[in-house]
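Please read the structure below before turning to the comments.
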Amino acid sequence: MNDLAAQVINGDARLAHVMHTGSQPTGATQSSTQMGPMLVAMGKLSPKDLSLILAMQKREGLRFGEAALKLGVAKQEDINAILAEQFAYTQTPAVSSKLDHRLNALFQPDSPQAEALRSLRSELMLRYFNPQPHGSLALVSAEDAEGSALATADLAVCFAQLGLRTLLVDTNLRAPQLNRLFHLPEHAPGLSDWLADRSVVAPTNIDAVRSLWLLPAGTRAPNPQELLSGRHYQERLRALANQFDVTLISTAPMDSNRDAQIVAAQSGAALLLARQHQTRTQALEIICNRLRDLGVRLLGAALLG
């Protein structure tokens with residue numbers, strides 16, 4: 001259980017922005033001409049504006065974004081959007097975004113919680129995902145369905161921000177959580193419908209995070225354990241995971257059922273999630289023993305603040 005250092009990966013923090021200025025290396029003509037035409041193509045600048053910016057940049061030795069802002073012909077949010085595009089970085093969504101603002105990796109990227117998430121991501125890349133591409137990992141908790149789903153979603157966003165094709169799967173068929181976090185319809189078809197052959201379901205790409213796809217839980221089924229234990233789950237999830245670099249599986253808490261135990265056994269590896277100062281050590285020990293008895297590789301534990 002101590003293979004992976006515990007990380008505090010959730011909690012309150014103020015809204016922050018990743019990029020505060022449109023920074024381009026001074027005199028970097030190639031970068032400037034890339035940003036300018038992109039802004040023109042977006043309809044944010046006119047060709048005349050572009051000429052004025054380039055002239056000021058040359059005359060005063062300013063960065064392209066600084067010159068555009070000084071002239072008042074571009075907005076900071078437009079500069080940030082272009083920088084995010086150029087650096088393949090996920091831009092912080094607008095405050096009006098309907099995604100859950102508790103997703104620290106998206107809305108509070110400068111916060112200690114987001115930094116802890118990135119540290120946890122690095123550990124998992126080094127210890128698990130790099131040696132075996134297309135691996136899947138179950139995230140398991142003793143309690144707190146909402147908190148563990150939020151932590152799993154936040155971690156998935158972090159992997160997607162690396163440019164890795166990331167699949168997030170909600171296997172909590174009793175009380176689905178991820179639809180609300182990513183503003184998907186509550187009754188959208190998902191995993192349960194696919195496993196029961198009620199419909200063919202494809203993961204949904206999350207617009208704000210270009211490399212993240214979500215397979216929601218789907219219709220609340222009367223037989224979740226049978227669906228998760230069946231041949232369809234193992235075969236179809238393995239085939240689907242092979243299309244992605246990273247697959248993270250959000251599970252139901254183990255305090256009331258054994259659904260997560262089944263999912264972890266199918267994945268072969270699990271990361272424990274615990275609520276700081278709340279989750280009992282005895283509960284974690286029970287989970288560890290159950291999963292080890294099933295041959296599940298335990299990568300460690302992460303603390304939710």
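Identifiers in this document derive from the order of the structure tokens: chains are assigned A, B, ..., residues are numbered from 1 separately in each chain, and ligands are numbered from 1 in order of occurrence.
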| message | Report as number ranges by chain all protein, DNA and RNA residues lying within 8 Å of Glu146 of chain A, evaluated on only C-alpha atoms, omitting residues in the same chain fewer than 3 positions from it. | response | A: 149-150, 177
Dump of all heavy atoms for the selected residues, as a compact mmCIF listing (two decimals), in the first residue's frame:
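Result written to result-v5.txt:
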```txt
# COMPACT_ATOMS: atom_id res chain seq x y z
N ALA A 149 -15.53 10.03 -7.02
CA ALA A 149 -15.79 10.27 -8.45
C ALA A 149 -15.15 11.58 -8.89
O ALA A 149 -14.55 11.67 -9.97
CB ALA A 149 -17.29 10.30 -8.72
N LEU A 150 -15.24 12.61 -8.05
CA LEU A 150 -14.63 13.89 -8.37
C LEU A 150 -13.11 13.76 -8.47
O LEU A 150 -12.49 14.30 -9.40
CB LEU A 150 -15.00 14.92 -7.30
CG LEU A 150 -14.39 16.32 -7.44
CD1 LEU A 150 -14.78 16.96 -8.77
CD2 LEU A 150 -14.82 17.20 -6.26
N GLN A 177 -22.24 9.25 -11.01
CA GLN A 177 -21.75 10.52 -10.51
C GLN A 177 -21.19 11.44 -11.59
O GLN A 177 -21.22 12.66 -11.46
CB GLN A 177 -20.63 10.26 -9.48
CG GLN A 177 -21.04 9.46 -8.28
CD GLN A 177 -21.99 10.19 -7.37
OE1 GLN A 177 -21.85 11.39 -7.15
NE2 GLN A 177 -23.00 9.50 -6.85
```
| said: Write out as a ChimeraX atom specification the set of residues from segment 25-255 of chain A that DSSP, computed on the backbone, places in helix (DSSP H, G or I). | reply: /A:29-41,47-60,64-71,76-86,104-107,112-129,145-161,178-181,191-195,224-229,231-241
| task | Can you pull out every residue within 12 Å of Glu143 of chain A, counting only C-alpha atoms, but drop anything in the same chain fewer than 6 positions away, and send it as a list in words? | result | Ala149, Thr251, Ala252, Pro253, Met254, Asp255, Ser256, Asn257, Ala260, Leu272, Leu273, Ala274, Arg275, Gln276, Gln278, Thr279, Arg280, Ala283, Leu284, Ile287 and Leu304 of chain A
Selected residues, N, CA, C and O atoms, written as a PDB file, in the first residue's frame, please.
```pdb
ATOM      1  N   ALA A 149     -15.534  10.033  -7.023  1.00  0.00           N
ATOM      2  CA  ALA A 149     -15.787  10.274  -8.451  1.00  0.00           C
ATOM      3  C   ALA A 149     -15.149  11.581  -8.887  1.00  0.00           C
ATOM      4  O   ALA A 149     -14.553  11.670  -9.973  1.00  0.00           O
ATOM      5  N   THR A 251     -15.443   3.914  -9.498  1.00  0.00           N
ATOM      6  CA  THR A 251     -16.227   2.801  -8.967  1.00  0.00           C
ATOM      7  C   THR A 251     -17.160   3.246  -7.844  1.00  0.00           C
ATOM      8  O   THR A 251     -16.992   4.324  -7.263  1.00  0.00           O
ATOM      9  N   ALA A 252     -18.124   2.390  -7.549  1.00  0.00           N
ATOM     10  CA  ALA A 252     -18.995   2.616  -6.397  1.00  0.00           C
ATOM     11  C   ALA A 252     -18.212   2.349  -5.116  1.00  0.00           C
ATOM     12  O   ALA A 252     -17.324   1.492  -5.092  1.00  0.00           O
ATOM     13  N   PRO A 253     -18.488   3.065  -4.016  1.00  0.00           N
ATOM     14  CA  PRO A 253     -17.777   2.815  -2.758  1.00  0.00           C
ATOM     15  C   PRO A 253     -18.055   1.415  -2.230  1.00  0.00           C
ATOM     16  O   PRO A 253     -19.134   0.856  -2.457  1.00  0.00           O
ATOM     17  N   MET A 254     -17.082   0.859  -1.536  1.00  0.00           N
ATOM     18  CA  MET A 254     -17.184  -0.527  -1.101  1.00  0.00           C
ATOM     19  C   MET A 254     -17.870  -0.709   0.241  1.00  0.00           C
ATOM     20  O   MET A 254     -17.920  -1.819   0.769  1.00  0.00           O
ATOM     21  N   ASP A 255     -18.417   0.350   0.820  1.00  0.00           N
ATOM     22  CA  ASP A 255     -19.045   0.207   2.134  1.00  0.00           C
ATOM     23  C   ASP A 255     -20.419  -0.443   2.062  1.00  0.00           C
ATOM     24  O   ASP A 255     -20.951  -0.905   3.076  1.00  0.00           O
ATOM     25  N   SER A 256     -21.009  -0.502   0.846  1.00  0.00           N
ATOM     26  CA  SER A 256     -22.366  -1.043   0.753  1.00  0.00           C
ATOM     27  C   SER A 256     -22.521  -2.181  -0.247  1.00  0.00           C
ATOM     28  O   SER A 256     -23.539  -2.873  -0.248  1.00  0.00           O
ATOM     29  N   ASN A 257     -21.535  -2.377  -1.135  1.00  0.00           N
ATOM     30  CA  ASN A 257     -21.629  -3.450  -2.125  1.00  0.00           C
ATOM     31  C   ASN A 257     -20.227  -3.829  -2.584  1.00  0.00           C
ATOM     32  O   ASN A 257     -19.245  -3.238  -2.156  1.00  0.00           O
ATOM     33  N   ALA A 260     -17.159  -2.482  -6.834  1.00  0.00           N
ATOM     34  CA  ALA A 260     -15.792  -2.000  -7.075  1.00  0.00           C
ATOM     35  C   ALA A 260     -14.793  -3.145  -7.032  1.00  0.00           C
ATOM     36  O   ALA A 260     -13.795  -3.145  -7.767  1.00  0.00           O
ATOM     37  N   LEU A 272      -6.252   3.208  -4.129  1.00  0.00           N
ATOM     38  CA  LEU A 272      -7.217   3.463  -3.062  1.00  0.00           C
ATOM     39  C   LEU A 272      -7.394   4.959  -2.867  1.00  0.00           C
ATOM     40  O   LEU A 272      -6.430   5.721  -2.925  1.00  0.00           O
ATOM     41  N   LEU A 273      -8.623   5.382  -2.603  1.00  0.00           N
ATOM     42  CA  LEU A 273      -8.936   6.765  -2.288  1.00  0.00           C
ATOM     43  C   LEU A 273      -9.488   6.809  -0.869  1.00  0.00           C
ATOM     44  O   LEU A 273     -10.377   6.042  -0.525  1.00  0.00           O
ATOM     45  N   ALA A 274      -8.947   7.712  -0.057  1.00  0.00           N
ATOM     46  CA  ALA A 274      -9.383   7.811   1.333  1.00  0.00           C
ATOM     47  C   ALA A 274      -9.649   9.266   1.681  1.00  0.00           C
ATOM     48  O   ALA A 274      -8.948  10.167   1.207  1.00  0.00           O
ATOM     49  N   ARG A 275     -10.653   9.501   2.516  1.00  0.00           N
ATOM     50  CA  ARG A 275     -10.978  10.851   2.962  1.00  0.00           C
ATOM     51  C   ARG A 275     -10.126  11.175   4.177  1.00  0.00           C
ATOM     52  O   ARG A 275     -10.156  10.479   5.181  1.00  0.00           O
ATOM     53  N   GLN A 276      -9.326  12.235   4.070  1.00  0.00           N
ATOM     54  CA  GLN A 276      -8.411  12.600   5.138  1.00  0.00           C
ATOM     55  C   GLN A 276      -9.164  12.887   6.433  1.00  0.00           C
ATOM     56  O   GLN A 276     -10.159  13.602   6.453  1.00  0.00           O
ATOM     57  N   GLN A 278     -11.106  11.092   8.013  1.00  0.00           N
ATOM     58  CA  GLN A 278     -12.437  10.489   8.088  1.00  0.00           C
ATOM     59  C   GLN A 278     -12.418   8.979   7.843  1.00  0.00           C
ATOM     60  O   GLN A 278     -13.030   8.230   8.603  1.00  0.00           O
ATOM     61  N   THR A 279     -11.752   8.558   6.786  1.00  0.00           N
ATOM     62  CA  THR A 279     -11.741   7.131   6.468  1.00  0.00           C
ATOM     63  C   THR A 279     -10.960   6.361   7.526  1.00  0.00           C
ATOM     64  O   THR A 279      -9.845   6.722   7.878  1.00  0.00           O
ATOM     65  N   ARG A 280     -11.559   5.303   8.026  1.00  0.00           N
ATOM     66  CA  ARG A 280     -10.923   4.492   9.066  1.00  0.00           C
ATOM     67  C   ARG A 280      -9.855   3.582   8.465  1.00  0.00           C
ATOM     68  O   ARG A 280     -10.040   2.998   7.403  1.00  0.00           O
ATOM     69  N   ALA A 283     -11.061   0.126   7.713  1.00  0.00           N
ATOM     70  CA  ALA A 283     -11.818  -0.030   6.467  1.00  0.00           C
ATOM     71  C   ALA A 283     -10.864  -0.201   5.282  1.00  0.00           C
ATOM     72  O   ALA A 283     -11.104  -1.024   4.394  1.00  0.00           O
ATOM     73  N   LEU A 284      -9.773   0.566   5.282  1.00  0.00           N
ATOM     74  CA  LEU A 284      -8.800   0.439   4.202  1.00  0.00           C
ATOM     75  C   LEU A 284      -8.101  -0.917   4.240  1.00  0.00           C
ATOM     76  O   LEU A 284      -7.839  -1.517   3.195  1.00  0.00           O
ATOM     77  N   ILE A 287     -10.360  -3.504   2.679  1.00  0.00           N
ATOM     78  CA  ILE A 287     -10.356  -3.384   1.220  1.00  0.00           C
ATOM     79  C   ILE A 287      -9.081  -3.977   0.635  1.00  0.00           C
ATOM     80  O   ILE A 287      -9.106  -4.732  -0.345  1.00  0.00           O
ATOM     81  N   LEU A 304      -8.065  12.378  -0.033  1.00  0.00           N
ATOM     82  CA  LEU A 304      -8.948  13.456  -0.457  1.00  0.00           C
ATOM     83  C   LEU A 304      -9.060  14.432   0.702  1.00  0.00           C
ATOM     84  O   LEU A 304      -9.440  14.041   1.804  1.00  0.00           O
TER      85      LEU A 304
END
```
| said: Quick one: residues within 10 Å of Asn223 of chain A, only C-alpha atoms, excluding same-chain residues fewer than 4 positions away - as a ChimeraX atom specification? | reply: /A:173-174,192,196,227-228
Take the residues from that selection and put them in a file with N, CA and C atoms, as a PDB file, in the first residue's frame.
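Now in part_8.pdb:
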```pdb
ATOM      1  N   LEU A 173     -23.011   1.932 -11.270  1.00  0.00           N
ATOM      2  CA  LEU A 173     -24.297   1.759 -11.947  1.00  0.00           C
ATOM      3  C   LEU A 173     -25.474   1.978 -11.009  1.00  0.00           C
ATOM      4  N   ARG A 174     -25.213   2.045  -9.715  1.00  0.00           N
ATOM      5  CA  ARG A 174     -26.295   2.253  -8.738  1.00  0.00           C
ATOM      6  C   ARG A 174     -26.579   3.739  -8.514  1.00  0.00           C
ATOM      7  N   SER A 192     -24.111   0.643 -18.734  1.00  0.00           N
ATOM      8  CA  SER A 192     -25.119  -0.388 -18.457  1.00  0.00           C
ATOM      9  C   SER A 192     -25.905  -0.749 -19.711  1.00  0.00           C
ATOM     10  N   ALA A 196     -25.842  -4.458 -21.493  1.00  0.00           N
ATOM     11  CA  ALA A 196     -27.111  -5.187 -21.594  1.00  0.00           C
ATOM     12  C   ALA A 196     -27.603  -5.296 -23.034  1.00  0.00           C
ATOM     13  N   LEU A 227     -23.973  -7.416 -14.513  1.00  0.00           N
ATOM     14  CA  LEU A 227     -23.436  -6.736 -15.696  1.00  0.00           C
ATOM     15  C   LEU A 227     -21.922  -6.576 -15.604  1.00  0.00           C
ATOM     16  N   LEU A 228     -21.432  -6.209 -14.422  1.00  0.00           N
ATOM     17  CA  LEU A 228     -19.999  -5.974 -14.252  1.00  0.00           C
ATOM     18  C   LEU A 228     -19.199  -7.272 -14.183  1.00  0.00           C
TER      19      LEU A 228
END
```
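The residue that comes closest to Leu137 of chain A, out of A:Leu124, A:Val200, A:Ala41, A:Ala302 and on the basis of only C-alpha atoms, is A:Leu124.
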| task | For Asn179 of chain A, work out the shell of residues within 10 Å, counting only C-alpha atoms and skipping chain neighbours fewer than 2 positions away, then give it as a ChimeraX atom specification. | result | /A:99,170,176-177,181-188,214-218
| note | Residue with the minimum atom-to-atom distance to Arg121 of chain A, picked from A:His101, A:Ala160, A:Leu106, A:Ser141 with only C-alpha atoms counted, is A:Ala160
| task | For atom CA of Ser51 of chain A and atom CA of Gly36 of chain A, determine how far apart the two atoms are, in Å to one decimal place. | result | 9.2 Å
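Atom CA of Arg165 of chain A is positioned 26.3 Å from atom CA of Gly230 of chain A.
Excluding segment 264-270 of chain A itself and same-chain residues fewer than 2 positions from it, the residues having an atom within 6 Å of it are Ser136, Leu137, Ala138, Leu139, Ala260, Gln261, Ile262, Val296, Arg297 and Leu298 of chain A, counting only C-alpha atoms.
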Go ahead and write the selection's residues with C-alpha atoms as a PDB file, in the first residue's frame.
```pdb
ATOM      1  CA  SER A 136      -6.717   0.537 -17.086  1.00  0.00           C
ATOM      2  CA  LEU A 137      -6.792   1.489 -13.428  1.00  0.00           C
ATOM      3  CA  ALA A 138      -9.697   1.224 -10.984  1.00  0.00           C
ATOM      4  CA  LEU A 139      -9.984   3.882  -8.288  1.00  0.00           C
ATOM      5  CA  ALA A 260     -15.792  -2.000  -7.075  1.00  0.00           C
ATOM      6  CA  GLN A 261     -14.169  -5.270  -6.064  1.00  0.00           C
ATOM      7  CA  ILE A 262     -15.414  -6.869  -9.283  1.00  0.00           C
ATOM      8  CA  VAL A 296      -5.298  -7.098  -7.710  1.00  0.00           C
ATOM      9  CA  ARG A 297      -2.135  -4.996  -7.765  1.00  0.00           C
ATOM     10  CA  LEU A 298      -2.493  -2.161  -5.235  1.00  0.00           C
TER      11      LEU A 298
END
```
| request: Do a neighbour search on Asp245 of chain A at 10 Å with only C-alpha atoms, toss out local chain neighbours closer than 5 positions, and write the hits as a PyMOL selection string. | output: chain A and resi 129-130+132-136+159-160+163-167+211
Next, write the just-selected residues to a file, as a PDB file, in the first residue's frame, keeping N, CA, C and O atoms as the atom set.
```pdb
ATOM      1  N   PHE A 129       1.579   3.244 -15.860  1.00  0.00           N
ATOM      2  CA  PHE A 129       1.114   3.386 -17.237  1.00  0.00           C
ATOM      3  C   PHE A 129       2.217   3.302 -18.272  1.00  0.00           C
ATOM      4  O   PHE A 129       1.990   2.831 -19.374  1.00  0.00           O
ATOM      5  N   ASN A 130       3.405   3.792 -17.967  1.00  0.00           N
ATOM      6  CA  ASN A 130       4.471   3.744 -18.973  1.00  0.00           C
ATOM      7  C   ASN A 130       4.882   2.329 -19.373  1.00  0.00           C
ATOM      8  O   ASN A 130       5.027   2.031 -20.541  1.00  0.00           O
ATOM      9  N   GLN A 132       3.171  -0.347 -19.402  1.00  0.00           N
ATOM     10  CA  GLN A 132       2.112  -1.076 -20.097  1.00  0.00           C
ATOM     11  C   GLN A 132       1.121  -0.086 -20.709  1.00  0.00           C
ATOM     12  O   GLN A 132       0.214   0.399 -20.060  1.00  0.00           O
ATOM     13  N   PRO A 133       1.335   0.246 -21.969  1.00  0.00           N
ATOM     14  CA  PRO A 133       0.408   1.154 -22.636  1.00  0.00           C
ATOM     15  C   PRO A 133      -0.997   0.551 -22.685  1.00  0.00           C
ATOM     16  O   PRO A 133      -1.167  -0.656 -22.634  1.00  0.00           O
ATOM     17  N   HIS A 134      -1.966   1.420 -22.771  1.00  0.00           N
ATOM     18  CA  HIS A 134      -3.381   1.020 -22.834  1.00  0.00           C
ATOM     19  C   HIS A 134      -3.820   0.325 -21.551  1.00  0.00           C
ATOM     20  O   HIS A 134      -4.746  -0.478 -21.562  1.00  0.00           O
ATOM     21  N   GLY A 135      -3.177   0.624 -20.434  1.00  0.00           N
ATOM     22  CA  GLY A 135      -3.584   0.013 -19.173  1.00  0.00           C
ATOM     23  C   GLY A 135      -4.816   0.696 -18.597  1.00  0.00           C
ATOM     24  O   GLY A 135      -5.103   1.858 -18.875  1.00  0.00           O
ATOM     25  N   SER A 136      -5.570  -0.042 -17.787  1.00  0.00           N
ATOM     26  CA  SER A 136      -6.717   0.537 -17.086  1.00  0.00           C
ATOM     27  C   SER A 136      -6.482   0.441 -15.587  1.00  0.00           C
ATOM     28  O   SER A 136      -5.835  -0.488 -15.105  1.00  0.00           O
ATOM     29  N   PHE A 159      -4.367  13.696 -16.832  1.00  0.00           N
ATOM     30  CA  PHE A 159      -3.754  12.850 -17.869  1.00  0.00           C
ATOM     31  C   PHE A 159      -4.056  13.408 -19.258  1.00  0.00           C
ATOM     32  O   PHE A 159      -3.184  13.440 -20.133  1.00  0.00           O
ATOM     33  N   ALA A 160      -5.287  13.852 -19.472  1.00  0.00           N
ATOM     34  CA  ALA A 160      -5.657  14.402 -20.775  1.00  0.00           C
ATOM     35  C   ALA A 160      -4.864  15.663 -21.079  1.00  0.00           C
ATOM     36  O   ALA A 160      -4.558  15.944 -22.245  1.00  0.00           O
ATOM     37  N   GLY A 163      -1.913  15.461 -23.192  1.00  0.00           N
ATOM     38  CA  GLY A 163      -2.130  15.092 -24.587  1.00  0.00           C
ATOM     39  C   GLY A 163      -2.360  13.605 -24.764  1.00  0.00           C
ATOM     40  O   GLY A 163      -2.467  13.120 -25.891  1.00  0.00           O
ATOM     41  N   LEU A 164      -2.461  12.866 -23.647  1.00  0.00           N
ATOM     42  CA  LEU A 164      -2.734  11.431 -23.718  1.00  0.00           C
ATOM     43  C   LEU A 164      -4.220  11.202 -23.934  1.00  0.00           C
ATOM     44  O   LEU A 164      -5.058  11.824 -23.269  1.00  0.00           O
ATOM     45  N   ARG A 165      -4.530  10.308 -24.854  1.00  0.00           N
ATOM     46  CA  ARG A 165      -5.942   9.947 -25.055  1.00  0.00           C
ATOM     47  C   ARG A 165      -6.419   9.224 -23.798  1.00  0.00           C
ATOM     48  O   ARG A 165      -5.958   8.125 -23.493  1.00  0.00           O
ATOM     49  N   THR A 166      -7.330   9.865 -23.082  1.00  0.00           N
ATOM     50  CA  THR A 166      -7.737   9.385 -21.763  1.00  0.00           C
ATOM     51  C   THR A 166      -9.213   9.034 -21.761  1.00  0.00           C
ATOM     52  O   THR A 166     -10.059   9.830 -22.177  1.00  0.00           O
ATOM     53  N   LEU A 167      -9.512   7.844 -21.271  1.00  0.00           N
ATOM     54  CA  LEU A 167     -10.898   7.377 -21.153  1.00  0.00           C
ATOM     55  C   LEU A 167     -11.270   7.316 -19.678  1.00  0.00           C
ATOM     56  O   LEU A 167     -10.553   6.735 -18.863  1.00  0.00           O
ATOM     57  N   SER A 211      -8.475  15.812 -25.116  1.00  0.00           N
ATOM     58  CA  SER A 211      -8.014  14.418 -25.102  1.00  0.00           C
ATOM     59  C   SER A 211      -8.761  13.554 -24.096  1.00  0.00           C
ATOM     60  O   SER A 211      -8.309  12.460 -23.768  1.00  0.00           O
TER      61      SER A 211
END
```
| request: Have a look at A:Glu235, A:Thr247, A:Arg210, A:Val140 and name the one nearest to Leu291 of chain A; count only C-alpha atoms. | output: A:Val140
